[in-house]
$ cat entry_6.cif   # mmCIF, C-alpha atoms
data_start
#
loop_
_atom_site.label_atom_id
_atom_site.label_comp_id
_atom_site.auth_asym_id
_atom_site.auth_seq_id
_atom_site.Cartn_x
_atom_site.Cartn_y
_atom_site.Cartn_z
CA MET N 1 3.70 -13.99 -79.10
CA ARG N 2 6.20 -15.44 -76.61
CA ARG N 3 5.91 -14.58 -72.95
CA LYS N 4 8.18 -15.49 -70.11
CA ILE N 5 6.41 -16.39 -66.90
CA GLY N 6 7.78 -15.34 -63.55
CA THR N 7 10.59 -13.10 -62.43
CA HIS N 8 14.03 -14.03 -61.24
CA THR N 9 16.03 -12.66 -58.37
CA PRO N 10 19.51 -13.86 -57.36
CA ARG N 11 17.99 -15.96 -54.54
CA SER N 12 15.17 -17.47 -56.61
CA ILE N 13 16.89 -18.12 -59.93
CA GLN N 14 15.61 -21.37 -61.40
CA ASN N 15 17.23 -23.68 -63.91
CA PHE N 16 14.00 -23.94 -65.91
CA ARG N 17 11.92 -21.47 -67.84
CA SER N 18 8.26 -21.55 -68.83
CA VAL N 19 7.43 -20.31 -72.32
CA VAL N 20 3.87 -19.76 -73.54
CA VAL N 21 3.22 -19.70 -77.28
CA ASP N 22 -0.19 -18.25 -78.12
CA ASP N 23 0.37 -17.15 -81.72
CA ASN N 24 -1.76 -19.42 -83.94
CA ASN N 25 0.74 -19.31 -86.81
CA VAL N 26 3.61 -20.30 -84.52
CA VAL N 27 1.53 -23.12 -82.96
CA LYS N 28 0.79 -24.43 -86.49
CA ARG N 29 4.47 -24.25 -87.47
CA LEU N 30 5.45 -26.09 -84.26
CA GLY N 31 3.00 -28.82 -85.30
CA SER N 32 5.28 -29.70 -88.22
CA ILE N 33 8.09 -30.76 -85.85
CA LYS N 34 8.64 -34.49 -86.13
CA SER N 35 9.08 -36.58 -83.03
CA ASN N 36 9.49 -40.21 -82.01
CA ILE N 37 7.80 -41.75 -78.99
CA SER N 38 9.73 -43.84 -76.49
CA GLU N 39 8.57 -47.15 -75.08
CA THR N 40 8.99 -45.76 -71.55
CA SER N 41 6.80 -42.77 -72.34
CA LEU N 42 4.07 -44.94 -73.84
CA ARG N 43 4.05 -47.33 -70.89
CA GLU N 44 3.97 -44.51 -68.32
CA ASN N 45 1.24 -42.58 -70.13
CA TYR N 46 -0.90 -45.62 -70.95
CA LYS N 47 -2.27 -45.41 -67.42
CA GLN N 48 -3.56 -41.90 -68.15
CA LEU N 49 -5.53 -42.92 -71.25
CA SER N 50 -9.29 -42.88 -71.40
CA PHE N 51 -10.82 -44.86 -74.23
CA PHE N 52 -14.21 -43.14 -74.12
CA LYS N 53 -15.18 -39.50 -73.65
CA LYS N 54 -17.47 -40.41 -70.72
CA GLU N 55 -14.57 -42.19 -69.02
CA LEU N 56 -12.36 -39.10 -69.37
CA LEU N 57 -15.10 -36.85 -68.00
CA LYS N 58 -15.55 -39.17 -65.01
CA LYS N 59 -11.81 -39.46 -64.25
CA LYS N 60 -11.22 -35.72 -64.86
CA ILE N 61 -7.58 -36.49 -65.60
CA GLY N 62 -5.67 -37.94 -68.51
CA VAL N 63 -5.96 -37.95 -72.28
CA LEU N 64 -8.53 -39.27 -74.72
CA SER N 65 -6.97 -42.15 -76.65
CA LEU N 66 -8.57 -41.16 -79.97
CA ILE N 67 -5.66 -38.83 -80.81
CA PHE N 68 -3.11 -41.67 -80.76
CA PRO N 69 -2.46 -44.47 -83.26
CA LYS N 70 -4.27 -47.73 -82.51
CA SER N 71 -0.91 -49.52 -82.21
CA TRP N 72 -0.30 -47.56 -78.99
CA MET N 73 -3.50 -48.82 -77.35
CA ALA N 74 -2.46 -52.41 -76.68
CA PRO N 75 0.10 -52.71 -73.84
CA ASN N 76 1.45 -56.01 -75.17
CA GLU N 77 2.18 -54.42 -78.57
CA ILE N 78 3.86 -51.22 -77.38
CA LYS N 79 7.42 -52.46 -77.86
CA SER N 80 6.87 -53.48 -81.49
CA ALA N 81 4.82 -50.32 -82.18
CA VAL N 82 7.70 -48.10 -81.03
CA HIS N 83 10.23 -49.90 -83.20
CA GLU N 84 7.97 -49.82 -86.27
CA GLU N 85 6.95 -46.16 -85.92
CA SER N 86 8.91 -43.50 -87.76
CA ALA N 87 9.13 -39.90 -86.63
CA SER N 88 5.84 -38.12 -87.24
CA PRO N 89 4.65 -34.51 -86.95
CA ILE N 90 3.24 -33.57 -83.56
CA ASP N 91 0.36 -31.60 -85.11
CA GLN N 92 -2.14 -34.38 -84.35
CA ALA N 93 -1.36 -34.15 -80.63
CA ILE N 94 -1.62 -30.35 -80.50
CA SER N 95 -4.47 -29.92 -83.00
CA GLY N 96 -7.03 -27.44 -81.72
CA SER N 97 -4.73 -26.01 -79.04
CA ALA N 98 -5.04 -22.25 -78.62
CA MET N 99 -1.64 -22.10 -76.94
CA LEU N 100 1.28 -24.26 -75.89
CA LEU N 101 3.29 -24.22 -72.68
CA PHE N 102 6.90 -25.39 -72.78
CA GLN N 103 9.26 -26.00 -69.90
CA THR N 104 12.91 -25.60 -70.86
CA TYR N 105 15.79 -26.69 -68.66
CA ASP N 106 19.20 -25.01 -68.36
CA SER N 107 21.66 -27.17 -66.42
CA GLY N 108 24.11 -24.24 -66.38
CA LYS N 109 21.93 -22.16 -64.04
CA MET N 110 22.03 -22.87 -60.32
CA THR N 111 20.41 -21.31 -57.28
CA GLN N 112 22.70 -20.10 -54.50
CA ASN N 113 21.95 -23.27 -52.53
CA GLN N 114 22.72 -25.50 -55.52
CA ARG N 115 25.95 -23.59 -56.16
CA ALA N 116 27.00 -23.91 -52.52
CA MET N 117 26.27 -27.65 -52.52
CA HIS N 118 28.15 -28.05 -55.80
CA LEU N 119 31.17 -26.17 -54.48
CA ASP N 120 30.98 -27.81 -51.02
CA LEU N 121 30.61 -24.45 -49.28
#

$ encode --input "entry_6.cif" --output "structure tokens"
Amino acid sequence: MRRKIGTHTPRSIQNFRSVVVDDNNVVKRLGSIKSNISETSLRENYKQLSFFKKELLKKKIGVLSLIFPKSWMAPNEIKSAVHEESASPIDQAISGSAMLLFQTYDSGKMTQNQRAMHLDL
């Protein structure tokens, strides 16, 4: 089931939309999408990794490193890991998720303030 979150009025129109997917079959099908990881993303998210479950519980923020390939765990090897990796399904990262939340962006939508700034009004 897909649900849109929030309501839009002319004054509060946003250029993003939140979509929740809570249908198990759809979540499983989305898991077959293949994706590459960028070096920038790995470097930025490395700081959020916890290497042990106790560490994650203590920090209360971040991600447990066990779901990622070992080649992503060494900061000095990230560049070569990215270039050697081929696109892989995202199912490992979303395995066990009951639902997914997506944020989509529409650059064509503007609030009244954005429109006024764009048109120099």

$ resolve_selection --input "entry_6.cif" --expression "the PyMOL selection byres ((chain N and resi 72) around 10)" --output "short mmCIF file (atom, residue, chain, number, x, y, z; two decimals) with C-alpha atoms, in the coordinates of the input"
data_model
loop_
_atom_site.label_atom_id
_atom_site.label_comp_id
_atom_site.auth_asym_id
_atom_site.auth_seq_id
_atom_site.Cartn_x
_atom_site.Cartn_y
_atom_site.Cartn_z
CA ILE N 37 7.80 -41.75 -78.99
CA GLU N 39 8.57 -47.15 -75.08
CA LEU N 42 4.07 -44.94 -73.84
CA ARG N 43 4.05 -47.33 -70.89
CA TYR N 46 -0.90 -45.62 -70.95
CA SER N 65 -6.97 -42.15 -76.65
CA PHE N 68 -3.11 -41.67 -80.76
CA PRO N 69 -2.46 -44.47 -83.26
CA LYS N 70 -4.27 -47.73 -82.51
CA SER N 71 -0.91 -49.52 -82.21
CA MET N 73 -3.50 -48.82 -77.35
CA ALA N 74 -2.46 -52.41 -76.68
CA PRO N 75 0.10 -52.71 -73.84
CA ASN N 76 1.45 -56.01 -75.17
CA GLU N 77 2.18 -54.42 -78.57
CA ILE N 78 3.86 -51.22 -77.38
CA LYS N 79 7.42 -52.46 -77.86
CA SER N 80 6.87 -53.48 -81.49
CA ALA N 81 4.82 -50.32 -82.18
CA VAL N 82 7.70 -48.10 -81.03
#

$ atom_distance --input "entry_6.cif" --atom1 "CA of Ile94 (chain N)" --atom2 "CA of Phe51 (chain N)"
18.3 Å

$ residues_around --input "entry_6.cif" --residues "Tyr105 (chain N)" --least-positions-apart "5" --cutoff "7 Å" --atoms "all atoms listed in the file" --output "ChimeraX atom specification"
/N:15-17

$ resolve_selection --input "entry_6.cif" --expression "the PyMOL selection byres ((chain N and resi 31) around 9)" --output "number ranges by chain"
N: 26-30, 32-34, 89-95

$ atom_distance --input "entry_6.cif" --atom1 "CA of Thr40 (chain N)" --atom2 "CA of His83 (chain N)"
12.4 Å

$ residues_near_point --input "entry_6.cif" --point "(-11.4, -38.4, -76.9)" --cutoff "8 Å" --atoms "only C-alpha atoms" --output "short mmCIF file (atom, residue, chain, number, x, y, z; two decimals) with C-alpha atoms, in the frame of the given file"
data_model
loop_
_atom_site.label_atom_id
_atom_site.label_comp_id
_atom_site.auth_asym_id
_atom_site.auth_seq_id
_atom_site.Cartn_x
_atom_site.Cartn_y
_atom_site.Cartn_z
CA SER N 50 -9.29 -42.88 -71.40
CA PHE N 51 -10.82 -44.86 -74.23
CA PHE N 52 -14.21 -43.14 -74.12
CA LYS N 53 -15.18 -39.50 -73.65
CA LEU N 56 -12.36 -39.10 -69.37
CA VAL N 63 -5.96 -37.95 -72.28
CA LEU N 64 -8.53 -39.27 -74.72
CA SER N 65 -6.97 -42.15 -76.65
CA LEU N 66 -8.57 -41.16 -79.97
CA ILE N 67 -5.66 -38.83 -80.81
#

$ atom_distance --input "entry_6.cif" --atom1 "CA of Ser41 (chain N)" --atom2 "CA of Ser18 (chain N)"
21.6 Å

$ closest_residue --input "entry_6.cif" --among "N:Asn24, N:Lys47, N:Ser35, N:Lys109" --to "Gly96 (chain N)" --atoms "all atoms listed in the file"
N:Asn24
